[in-house]
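Have a look at my_file13.txt; it's compact mmCIF, C-alpha atoms:
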```
# COMPACT_ATOMS: atom_id res chain seq x y z
CA MET K 1 0.00 0.00 0.00
CA THR K 2 1.74 3.17 -1.20
CA GLY K 3 -1.02 5.51 -0.15
CA ARG K 4 -1.61 6.41 -3.82
CA ASP K 5 -3.32 3.21 -4.92
CA GLY K 6 -5.90 3.76 -7.60
CA TYR K 7 -4.85 7.35 -8.20
CA ALA K 8 -3.36 6.84 -11.69
CA GLU K 9 -6.47 5.13 -13.01
CA PHE K 10 -8.72 7.74 -11.41
CA TYR K 11 -6.63 10.54 -12.93
CA GLN K 12 -6.58 9.06 -16.43
CA HIS K 13 -10.30 8.41 -16.38
CA THR K 14 -11.55 11.66 -14.87
CA TYR K 15 -9.16 14.19 -16.41
CA PRO K 16 -10.56 14.32 -19.99
CA ARG K 17 -14.19 14.77 -18.95
CA LEU K 18 -13.37 17.50 -16.48
CA CYS K 19 -11.20 19.34 -19.01
CA GLY K 20 -14.05 19.19 -21.51
CA GLN K 21 -16.45 20.74 -19.02
CA LEU K 22 -14.12 23.51 -17.99
CA TYR K 23 -13.05 24.28 -21.53
CA ALA K 24 -16.74 24.80 -22.33
CA TYR K 25 -17.13 27.00 -19.27
CA LEU K 26 -13.89 29.03 -19.45
CA GLY K 27 -13.62 29.13 -23.24
CA ASP K 28 -9.88 28.51 -23.07
CA ALA K 29 -8.42 25.01 -23.34
CA THR K 30 -5.11 25.77 -21.65
CA GLU K 31 -6.76 27.59 -18.82
CA ALA K 32 -9.13 24.65 -18.39
CA GLU K 33 -6.24 22.18 -18.21
CA ASP K 34 -4.40 24.41 -15.70
CA VAL K 35 -7.41 24.42 -13.40
CA VAL K 36 -7.98 20.68 -13.73
CA GLN K 37 -4.31 19.88 -13.14
CA GLU K 38 -4.30 22.01 -10.01
CA ALA K 39 -7.36 20.13 -8.72
CA PHE K 40 -5.68 16.77 -9.40
CA LEU K 41 -2.50 17.90 -7.66
CA ARG K 42 -4.55 18.67 -4.58
CA ALA K 43 -6.17 15.27 -4.84
CA TRP K 44 -2.71 13.70 -5.14
CA ARG K 45 -1.54 15.42 -1.98
CA ASP K 46 -4.57 14.24 0.02
CA TRP K 47 -5.24 11.00 -1.83
CA ARG K 48 -5.07 8.84 1.28
CA LYS K 49 -8.13 10.69 2.60
CA ILE K 50 -9.90 11.48 -0.67
CA SER K 51 -9.69 7.90 -1.91
CA THR K 52 -11.89 6.88 1.01
CA TYR K 53 -14.70 9.17 -0.16
CA ASP K 54 -17.69 7.62 -1.88
CA GLN K 55 -17.04 9.75 -4.94
CA PRO K 56 -13.48 11.09 -5.21
CA ALA K 57 -14.42 12.40 -8.67
CA ALA K 58 -17.04 14.66 -7.11
CA TRP K 59 -14.35 16.15 -4.87
CA VAL K 60 -12.02 16.91 -7.78
CA HIS K 61 -14.94 18.23 -9.79
CA ARG K 62 -15.86 20.63 -7.01
CA VAL K 63 -12.30 21.86 -6.48
CA ALA K 64 -11.74 22.38 -10.21
CA TRP K 65 -15.02 24.25 -10.63
CA ASN K 66 -14.32 26.39 -7.58
CA LEU K 67 -10.92 27.28 -9.01
CA ALA K 68 -12.53 28.01 -12.36
CA THR K 69 -15.29 30.23 -10.99
CA SER K 70 -12.87 32.23 -8.89
CA ARG K 71 -10.33 32.35 -11.69
CA LEU K 72 -12.86 33.46 -14.23
CA ARG K 73 -13.18 36.76 -12.44
CA ARG K 74 -9.52 37.52 -12.46
CA VAL K 75 -7.05 35.47 -14.42
CA VAL K 76 -8.49 34.33 -17.69
CA THR K 77 -7.45 37.50 -19.44
CA ALA K 78 -4.09 37.46 -17.65
CA ALA K 79 -3.39 33.94 -18.92
CA ARG K 80 -4.14 35.00 -22.47
CA HIS K 81 -1.97 38.03 -22.00
CA VAL K 82 0.94 35.86 -20.88
CA ARG K 83 0.53 33.49 -23.81
CA ARG K 84 0.48 36.40 -26.23
CA HIS K 85 3.77 37.55 -24.77
CA ARG K 86 5.21 34.09 -25.29
CA HIS K 87 3.82 33.98 -28.83
CA GLU K 88 2.16 30.67 -28.09
CA THR K 89 -0.74 29.57 -30.18
CA VAL K 90 -3.09 27.34 -28.28
CA VAL K 91 -5.17 25.09 -30.48
CA PRO K 92 -8.09 23.47 -28.70
CA PRO K 93 -8.02 19.70 -29.14
CA VAL K 94 -11.55 19.54 -30.59
CA GLY K 95 -13.11 20.03 -34.01
CA PRO K 96 -14.25 23.37 -35.45
CA GLU K 97 -17.92 22.68 -34.72
CA HIS K 98 -17.06 22.24 -31.05
CA VAL K 99 -14.89 25.36 -31.03
CA ALA K 100 -17.90 27.21 -32.48
CA LEU K 101 -20.09 25.86 -29.68
CA VAL K 102 -17.59 26.99 -27.05
CA ALA K 103 -17.44 30.41 -28.71
CA ALA K 104 -21.23 30.58 -28.58
CA LEU K 105 -21.19 29.56 -24.91
CA ARG K 106 -18.80 32.40 -24.19
CA THR K 107 -21.44 34.89 -25.33
CA LEU K 108 -23.77 33.76 -22.54
CA PRO K 109 -23.88 35.44 -19.15
CA GLU K 110 -21.73 33.50 -16.71
CA THR K 111 -24.61 32.07 -14.67
CA LEU K 112 -26.41 30.72 -17.74
CA ARG K 113 -23.21 29.28 -19.15
CA ARG K 114 -22.36 27.55 -15.90
CA ALA K 115 -25.83 26.04 -15.65
CA ILE K 116 -25.78 24.88 -19.27
CA VAL K 117 -22.34 23.29 -18.98
CA LEU K 118 -23.12 21.60 -15.68
CA HIS K 119 -26.38 20.17 -16.96
CA TYR K 120 -25.74 19.26 -20.58
CA ILE K 121 -22.00 18.55 -20.53
CA ALA K 122 -21.25 17.53 -16.93
CA ASP K 123 -24.55 15.62 -16.79
CA ARG K 124 -25.57 17.09 -13.45
CA SER K 125 -29.21 17.09 -12.41
CA VAL K 126 -31.19 20.30 -12.05
CA ALA K 127 -31.51 19.60 -8.31
CA ASP K 128 -27.71 19.28 -7.99
CA ILE K 129 -27.14 22.51 -9.86
CA ALA K 130 -29.76 24.28 -7.76
CA ALA K 131 -27.96 23.18 -4.60
CA GLU K 132 -24.52 24.05 -5.93
CA MET K 133 -25.50 27.47 -7.25
CA GLY K 134 -27.78 28.30 -4.33
CA ALA K 135 -30.85 28.91 -6.48
CA PRO K 136 -34.36 27.45 -6.58
CA ARG K 137 -34.99 24.63 -9.07
CA GLY K 138 -37.32 26.83 -11.13
CA THR K 139 -34.62 29.44 -11.49
CA VAL K 140 -32.17 26.84 -12.79
CA LEU K 141 -34.76 25.65 -15.29
CA SER K 142 -35.25 29.19 -16.49
CA TRP K 143 -31.45 29.66 -16.81
CA LEU K 144 -31.29 26.51 -18.92
CA HIS K 145 -34.17 27.69 -21.07
CA ARG K 146 -32.72 31.15 -21.61
CA GLY K 147 -29.25 29.75 -22.15
CA ARG K 148 -30.49 27.37 -24.85
CA ALA K 149 -32.44 30.15 -26.54
CA LEU K 150 -29.39 32.42 -26.63
CA LEU K 151 -27.18 29.58 -27.84
CA ALA K 152 -29.65 28.70 -30.58
CA ALA K 153 -29.78 32.30 -31.75
CA HIS K 154 -26.01 32.59 -31.73
CA LEU K 155 -25.42 29.31 -33.55
CA SER K 156 -28.06 30.22 -36.11
CA ASP K 157 -26.39 33.62 -36.74
CA THR K 158 -23.01 31.93 -37.13
CA ARG K 159 -24.47 29.49 -39.64
CA LEU K 160 -26.06 32.31 -41.65
CA GLU K 161 -22.76 34.14 -41.75
CA ALA K 162 -20.99 31.01 -42.91
CA THR K 163 -23.59 30.54 -45.67
CA ARG K 164 -23.19 34.14 -46.80
CA ASP K 165 -19.39 33.84 -46.82
CA ALA K 166 -19.65 30.68 -48.89
CA MET E 1 -30.66 12.96 -15.68
CA ARG E 2 -31.40 15.69 -18.23
CA GLU E 3 -34.66 17.59 -18.29
CA VAL E 4 -37.33 17.33 -20.92
CA ASN E 5 -37.06 19.96 -23.65
CA LEU E 6 -38.97 23.06 -22.78
CA ASP E 7 -38.94 24.40 -26.29
CA PRO E 8 -38.19 21.99 -29.11
CA GLU E 9 -37.77 24.78 -31.66
CA PHE E 10 -34.91 26.35 -29.75
CA ASP E 11 -33.38 22.98 -28.98
CA ARG E 12 -33.32 21.52 -32.47
CA ASP E 13 -29.73 22.61 -33.03
CA VAL E 14 -28.52 23.22 -29.52
CA LEU E 15 -29.03 19.90 -27.78
CA PRO E 16 -27.36 17.80 -30.50
CA ALA E 17 -24.43 20.24 -30.51
CA LEU E 18 -24.04 19.93 -26.74
CA SER E 19 -24.34 16.14 -26.88
CA ALA E 20 -21.78 15.89 -29.66
CA TYR E 21 -19.39 18.08 -27.71
CA ARG E 22 -19.87 15.98 -24.58
CA ALA E 23 -19.02 12.82 -26.49
CA ALA E 24 -16.06 14.33 -28.34
CA VAL E 25 -14.20 15.79 -25.37
CA ARG E 26 -13.87 12.40 -23.72
CA GLU E 27 -11.33 11.54 -26.39
CA ALA E 28 -9.99 15.02 -27.01
CA PHE E 29 -8.22 15.80 -23.78
CA VAL E 30 -5.46 13.43 -22.74
CA ALA E 31 -4.11 13.43 -19.22
CA PRO E 32 -0.41 14.34 -19.32
CA PRO E 33 2.03 12.23 -17.29
CA LEU E 34 1.55 13.05 -13.64
CA GLU E 35 5.23 13.79 -13.14
CA GLN E 36 5.00 16.46 -15.82
CA VAL E 37 2.06 18.08 -14.04
CA ARG E 38 3.89 18.02 -10.73
CA ALA E 39 7.00 19.54 -12.32
CA ARG E 40 4.93 22.37 -13.78
CA ALA E 41 3.33 22.97 -10.39
CA ARG E 42 6.79 23.19 -8.80
CA HIS E 43 7.85 25.67 -11.48
CA ARG E 44 4.71 27.77 -10.98
CA ALA E 45 5.28 27.80 -7.22
CA ALA E 46 8.87 28.97 -7.75
CA VAL E 47 7.76 31.73 -10.13
CA ARG E 48 5.05 32.79 -7.71
CA ALA E 49 7.51 32.92 -4.80
CA THR E 50 9.86 35.09 -6.88
CA ALA E 51 6.99 37.38 -7.84
CA LEU E 52 5.95 37.68 -4.21
CA THR E 53 9.44 38.70 -3.17
CA GLY E 54 9.45 41.32 -5.92
CA VAL E 55 6.12 42.77 -4.87
CA ALA E 56 7.09 42.80 -1.20
CA ALA E 57 10.27 44.66 -2.03
CA SER E 58 8.35 47.30 -3.94
CA VAL E 59 5.94 48.29 -1.21
CA VAL E 60 6.11 52.01 -0.70
CA VAL E 61 4.79 53.49 2.51
CA ALA E 62 3.95 57.16 2.30
CA ALA E 63 1.87 59.25 4.68
CA GLY E 64 0.50 56.14 6.31
CA VAL E 65 -0.69 54.73 3.01
CA ALA E 66 0.75 51.43 1.84
CA VAL E 67 0.81 51.10 -1.91
CA ALA E 68 2.07 48.13 -3.87
CA SER E 69 3.98 49.72 -6.71
CA LEU E 70 3.82 47.80 -9.93
CA PRO E 71 7.00 46.56 -11.53
CA GLY E 72 8.07 48.17 -14.80
CA PRO E 73 7.53 46.91 -18.34
CA PRO E 74 6.10 43.41 -18.57
CA PRO E 75 8.58 40.55 -18.39
CA THR E 76 7.56 37.13 -19.64
CA ASP E 77 5.32 36.33 -16.66
CA PRO E 78 2.40 38.36 -15.33
CA PRO E 79 3.95 41.63 -14.30
CA VAL E 80 1.09 43.21 -12.47
CA ALA E 81 -0.04 43.32 -8.88
CA ASP E 82 -0.61 39.67 -8.21
CA HIS E 83 -0.99 40.13 -4.50
CA LEU E 84 -2.69 42.59 -2.27
CA PRO E 85 -0.59 45.07 -0.42
CA PRO E 86 0.18 43.85 3.06
CA THR E 87 -1.91 45.18 5.89
CA PRO E 88 -2.40 47.75 7.20
CA VAL E 89 -3.52 49.28 3.94
CA SER E 90 -5.47 52.41 3.31
CA TRP E 91 -8.27 52.18 0.81
CA ALA E 92 -8.15 55.93 0.23
CA GLY E 93 -8.03 56.56 -3.49
CA GLU E 94 -8.73 52.91 -4.32
CA THR E 95 -11.68 51.78 -6.43
CA ILE E 96 -13.62 48.62 -5.62
CA LEU E 97 -16.26 46.97 -7.75
CA LEU E 98 -18.87 46.12 -5.14
CA PRO E 99 -20.27 42.56 -5.21
CA ASP E 100 -23.85 41.47 -5.75
CA PRO E 101 -25.64 42.52 -2.60
CA ALA E 102 -27.49 39.18 -2.17
CA GLY E 103 -29.11 39.59 1.26
CA TYR E 104 -27.31 42.86 2.02
CA ARG E 105 -30.07 45.03 0.66
CA SER E 106 -28.71 48.34 1.82
CA CYS E 107 -25.62 48.01 -0.42
CA PRO E 108 -25.69 48.99 -4.10
CA ALA E 109 -25.24 46.20 -6.65
CA ARG E 110 -22.18 45.76 -8.86
CA THR E 111 -21.19 49.40 -8.51
CA ARG E 112 -17.67 50.74 -8.83
CA VAL E 113 -16.87 53.15 -6.02
CA THR E 114 -13.73 55.08 -5.22
CA PHE E 115 -13.06 55.73 -1.57
CA PRO E 116 -11.91 59.21 -0.56
CA ALA E 117 -9.72 59.92 2.46
CA THR E 118 -12.83 59.88 4.67
CA MET E 119 -13.35 56.23 3.61
CA GLU E 120 -16.99 56.96 2.82
CA ALA E 121 -18.02 56.79 -0.83
CA VAL E 122 -21.47 57.88 -2.01
CA SER E 123 -23.45 55.98 -4.63
CA GLY E 124 -26.93 57.33 -5.31
CA ASP E 125 -28.57 57.74 -1.95
CA VAL E 126 -26.30 55.26 -0.19
CA VAL E 127 -23.05 55.82 1.67
CA ILE E 128 -20.59 52.93 1.54
CA GLY E 129 -17.95 53.15 4.22
CA ILE E 130 -14.86 51.10 5.01
CA THR E 131 -13.81 50.71 8.60
CA GLY E 132 -10.62 48.87 7.69
CA THR E 133 -8.98 45.67 6.48
CA VAL E 134 -9.48 43.08 9.20
CA ALA E 135 -7.71 40.06 7.69
CA THR E 136 -5.93 38.81 4.58
CA GLY E 137 -5.37 35.33 3.24
CA ASP E 138 -6.25 32.96 0.43
CA LEU E 139 -9.96 32.25 0.68
CA THR E 140 -10.62 31.02 -2.85
CA GLY E 141 -7.92 28.35 -2.98
CA ASP E 142 -6.11 29.86 -5.95
CA GLY E 143 -2.92 30.65 -4.07
CA ARG E 144 -3.46 34.41 -3.95
CA PRO E 145 -4.59 36.34 -0.90
CA GLU E 146 -7.86 38.17 -0.59
CA ALA E 147 -8.55 41.04 1.81
CA VAL E 148 -11.39 40.89 4.31
CA VAL E 149 -12.71 44.39 4.80
CA HIS E 150 -15.23 45.66 7.33
CA VAL E 151 -17.79 47.77 5.48
CA TYR E 152 -21.14 49.40 6.05
CA CYS E 153 -23.86 50.75 3.79
CA ARG E 154 -26.32 53.34 5.04
CA LEU E 155 -28.68 55.91 3.60
CA ASN E 156 -27.03 59.22 2.79
CA SER E 157 -29.10 61.21 5.24
CA GLU E 158 -28.28 63.06 8.40
CA PHE E 159 -30.98 60.99 10.09
CA ALA E 160 -29.40 57.67 9.16
CA SER E 161 -27.27 56.57 12.09
CA GLY E 162 -25.87 53.46 10.45
CA ASP E 163 -26.51 51.60 13.70
CA GLY E 164 -27.92 48.54 11.94
CA SER E 165 -25.18 48.34 9.36
CA GLY E 166 -21.72 46.83 9.15
CA HIS E 167 -20.52 43.47 7.87
CA LEU E 168 -17.58 41.96 6.01
CA MET E 169 -16.65 42.12 2.35
CA VAL E 170 -14.03 39.91 0.71
CA VAL E 171 -12.01 41.79 -1.88
CA THR E 172 -9.74 40.27 -4.48
CA ARG E 173 -7.13 42.06 -6.52
CA ASP E 174 -7.24 41.39 -10.24
CA ARG E 175 -4.04 41.13 -12.19
CA ASP E 176 -4.68 44.51 -13.75
CA GLY E 177 -4.41 45.93 -10.24
CA SER E 178 -8.11 46.66 -9.82
CA PHE E 179 -10.09 45.50 -6.81
CA THR E 180 -13.25 43.39 -7.02
CA GLY E 181 -15.53 42.58 -4.12
CA LEU E 182 -16.22 38.83 -4.30
CA ALA E 183 -19.08 38.80 -1.79
CA TYR E 184 -20.37 40.16 1.47
CA VAL E 185 -20.08 37.94 4.53
CA GLY E 186 -21.59 37.79 8.00
CA PRO E 187 -24.63 39.32 9.66
CA GLU E 188 -25.22 43.05 9.38
CA GLY E 189 -25.28 45.36 12.33
CA GLN E 190 -23.06 43.33 14.67
CA ASP E 191 -19.46 43.85 15.73
CA TYR E 192 -16.51 41.87 14.43
CA PRO E 193 -13.78 41.99 17.09
CA LYS E 194 -11.68 39.24 15.50
CA VAL E 195 -11.51 37.95 11.93
CA GLU E 196 -9.00 35.41 10.67
CA VAL E 197 -8.27 33.42 7.54
CA ARG E 198 -7.64 29.88 8.74
CA ASP E 199 -7.14 26.87 6.50
CA GLY E 200 -8.72 28.72 3.58
CA ALA E 201 -11.81 29.66 5.58
CA LEU E 202 -12.96 32.95 7.03
CA VAL E 203 -13.35 32.60 10.79
CA ALA E 204 -15.16 35.56 12.36
CA THR E 205 -15.85 36.29 15.99
CA ILE E 206 -19.15 38.15 15.92
CA ARG E 207 -20.36 40.06 18.94
CA GLN E 208 -23.88 41.37 19.33
CA ARG E 209 -23.80 45.14 19.13
CA TYR E 210 -26.65 45.45 21.61
CA GLY E 211 -26.51 42.17 23.47
CA PRO E 212 -24.24 39.93 25.51
CA GLU E 213 -23.59 37.14 22.97
CA SER E 214 -20.36 36.49 21.14
CA GLN E 215 -20.10 33.72 18.56
CA VAL E 216 -17.50 32.25 16.23
CA ARG E 217 -18.80 31.52 12.74
CA THR E 218 -16.84 30.03 9.85
CA TYR E 219 -17.48 30.75 6.19
CA ARG E 220 -16.02 29.06 3.15
CA TRP E 221 -16.00 30.16 -0.51
CA ASP E 222 -17.96 27.77 -2.73
CA GLY E 223 -17.18 29.44 -6.02
CA THR E 224 -20.05 31.89 -5.94
CA SER E 225 -20.57 32.92 -2.34
CA PHE E 226 -19.30 32.43 1.17
CA ARG E 227 -21.37 29.74 2.84
CA GLN E 228 -21.38 29.32 6.57
CA VAL E 229 -19.85 25.95 7.40
CA ALA E 230 -19.50 26.11 11.19
CA GLY E 231 -20.82 27.92 14.23
CA PRO E 232 -24.28 29.16 15.16
CA THR E 233 -26.31 30.77 12.41
CA ALA E 234 -28.24 33.23 14.57
CA PHE E 235 -28.10 34.98 17.88
CA PRO E 236 -30.57 33.71 20.48
CA GLY E 237 -34.00 35.26 20.69
```

What's the structure tokens form of this structure?
Amino acid sequence: MTGRDGYAEFYQHTYPRLCGQLYAYLGDATEAEDVVQEAFLRAWRDWRKISTYDQPAAWVHRVAWNLATSRLRRVVTAARHVRRHRHETVVPPVGPEHVALVAALRTLPETLRRAIVLHYIADRSVADIAAEMGAPRGTVLSWLHRGRALLAAHLSDTRLEATRDA
Amino acid sequence: MREVNLDPEFDRDVLPALSAYRAAVREAFVAPPLEQVRARARHRAAVRATALTGVAASVVVAAGVAVASLPGPPPTDPPVADHLPPTPVSWAGETILLPDPAGYRSCPARTRVTFPATMEAVSGDVVIGITGTVATGDLTGDGRPEAVVHVYCRLNSEFASGDGSGHLMVVTRDRDGSFTGLAYVGPEGQDYPKVEVRDGALVATIRQRYGPESQVRTYRWDGTSFRQVAGPTAFPG
């Protein structure tokens, strides 16, 4: 027993899904990976305790999202600024249609985007999201509805532009 | 368990796009070797420690006002004020974007206010005052300290005593040097003789302003607000 039993498998399995969620939420693949890696490092440090939890993935999920929501207010632009200085080009590891979706998500107000990503990408129930975001269930439903409507309008505009350009 | 579509017309394009994304990202992101992640974390910690030393060395104290001077032209890493000035700090001349008031109805929402030397800023018919910085420490878990400030909001009227006002506000410093209020914390209208940041949580001793009780309550940042995680939630009777 090394104290880190099961960590590698847990990390390999959980990392991609969490990065996908936070890329959709933050709109920046590198920033998403930074946040997720930080969460996994914390899990690594406390793995002896966290591995005894019913759902270690829920713990990492919560830490990563907390980092992302606090980061969103302050460092997303800074990270981009730094990369520009280093002349790095960050290519998201997904296809153009998914990049377009993430771009559309970025046009949503933060609360709607978070609800949409948690529900439709992280597969969280409305009740879970209501508890996590401290809002009544009906409010979450209305966020999801408004978020979908805004996304639909944005995606439709993008498609029209693409048709015109063609 | 996803909800039933509320509006199929809106969802014709959106839900398939979200589903396709959800399926695709499982293959798209690949976990890097753990040792590589740990090495990067060590590097980041070293860079952060160097930056901290630089900021600490550039603190200028003038006329009782501590100001973190910003380093010169940007080097390769974030050059700007990554950390709050150490306490005690004067908020005179500083601008803070106030947080959503949530339950603190007397405070204006998402308003940017600049505090004069009197520490009382006016927004509409409300006066927002700062009594002082009562604690600093990392409350959001991102490795950077926040400031816990005692504030009050009262009507801008000679008849408004402000007796029922006063609570805490957690302020974070953005990398562009500006200050943002993350959230208000604690009950209004009570006294806060001792506030600490302990193990990433805000631990406040709260004393009744007009009563005998003193309580210790602990609050923790959950990404959107500070939730109380320990201690009594109300004063008796």

Exercise for the section: Residues of chain K no more than 7 Å from chain E, counting all atoms listed in the file: send them over as a ChimeraX atom specification. Expected result: /K:12,15-17,19-20,37,66-67,69-70,74-75,78,82,85-86,93-94,98,119-121,123-125,145,148-149,151-152

Exercise for the section: Using all atoms listed in the file, determine which residues lie at most 12 Å from Cys107 in chain E, disregarding the query and same-chain residues fewer than 2 positions distant; provide the list as an NGL selection string. Expected result: :E and (97-105 or 109-113 or 121-129 or 151-156 or 165-169 or 183-184 or 188)

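The space separating CA of Gln215 in chain E from CA of Thr133 in chain E comes to 20.3 Å.
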
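The two atoms in question, CA of Leu150 in chain K and CA of Leu18 in chain K, are spaced 24.1 Å apart.
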
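Compared by their closest atoms to Thr136 in chain E, and using all atoms listed in the file, the residues E:Gly177, E:Gly200, E:Pro187, E:Pro116 rank with E:Gly200 nearest.
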
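In this model, the gap between CA of Ala201 in chain E and CA of Thr218 in chain E comes to 6.6 Å.
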
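If you count all atoms listed in the file and ignore residues fewer than 2 places along the chain from Phe115 in chain E, what sits within 7 Å of it is Trp91, Ala92, Gly93, Glu94, Thr95, Val113, Ala117, Met119, Glu120 and Ala121 of chain E.
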
Handout entry: For Tyr219 in chain E, the nearest of the candidates E:Ala234, E:Ala147, E:Val203, E:Ile96, counting only C-alpha atoms
Key = E:Val203

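The smallest atom-to-atom distance between Tyr23 in chain K and any of K:Arg42, K:Arg48, K:Arg106, K:Arg4, using all atoms listed in the file, is found for K:Arg106.
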
Handout entry: Contacts of Thr205 in chain E at 10 Å (all atoms listed in the file; same-chain gap of 4+ positions) as an MDAnalysis selection string
Key = chainID E and resid 186 191:196 214:218 231

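Proximity of K:Tyr25, K:Trp143, K:Trp44, K:Tyr53 to Ala103 in chain K, computed with all atoms listed in the file, is greatest for K:Tyr25.
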
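Nearest residue to Ala29 in chain K among K:Ala135, K:Val99, K:Ala127, K:Ile116 is K:Val99, counting all atoms listed in the file.
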
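With distances restricted to all atoms listed in the file, K:Arg62 is the closest residue to Glu132 in chain K from K:Ala68, K:Pro96, K:Tyr7, K:Arg62.
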
Show me as a PDB file with C-alpha atoms, keeping the file's coordinate frame the residues that reach within 7 Å of (-21.4, 29.1, -30.0), counting all atoms listed in the file and using the file's own coordinates.
```
ATOM      1  CA  ALA K 100     -17.900  27.210 -32.480  1.00  0.00           C
ATOM      2  CA  LEU K 101     -20.090  25.860 -29.680  1.00  0.00           C
ATOM      3  CA  VAL K 102     -17.590  26.990 -27.050  1.00  0.00           C
ATOM      4  CA  ALA K 103     -17.440  30.410 -28.710  1.00  0.00           C
ATOM      5  CA  ALA K 104     -21.230  30.580 -28.580  1.00  0.00           C
ATOM      6  CA  LEU K 105     -21.190  29.560 -24.910  1.00  0.00           C
ATOM      7  CA  LEU K 151     -27.180  29.580 -27.840  1.00  0.00           C
ATOM      8  CA  HIS K 154     -26.010  32.590 -31.730  1.00  0.00           C
ATOM      9  CA  LEU K 155     -25.420  29.310 -33.550  1.00  0.00           C
TER      10      LEU K 155
END
```
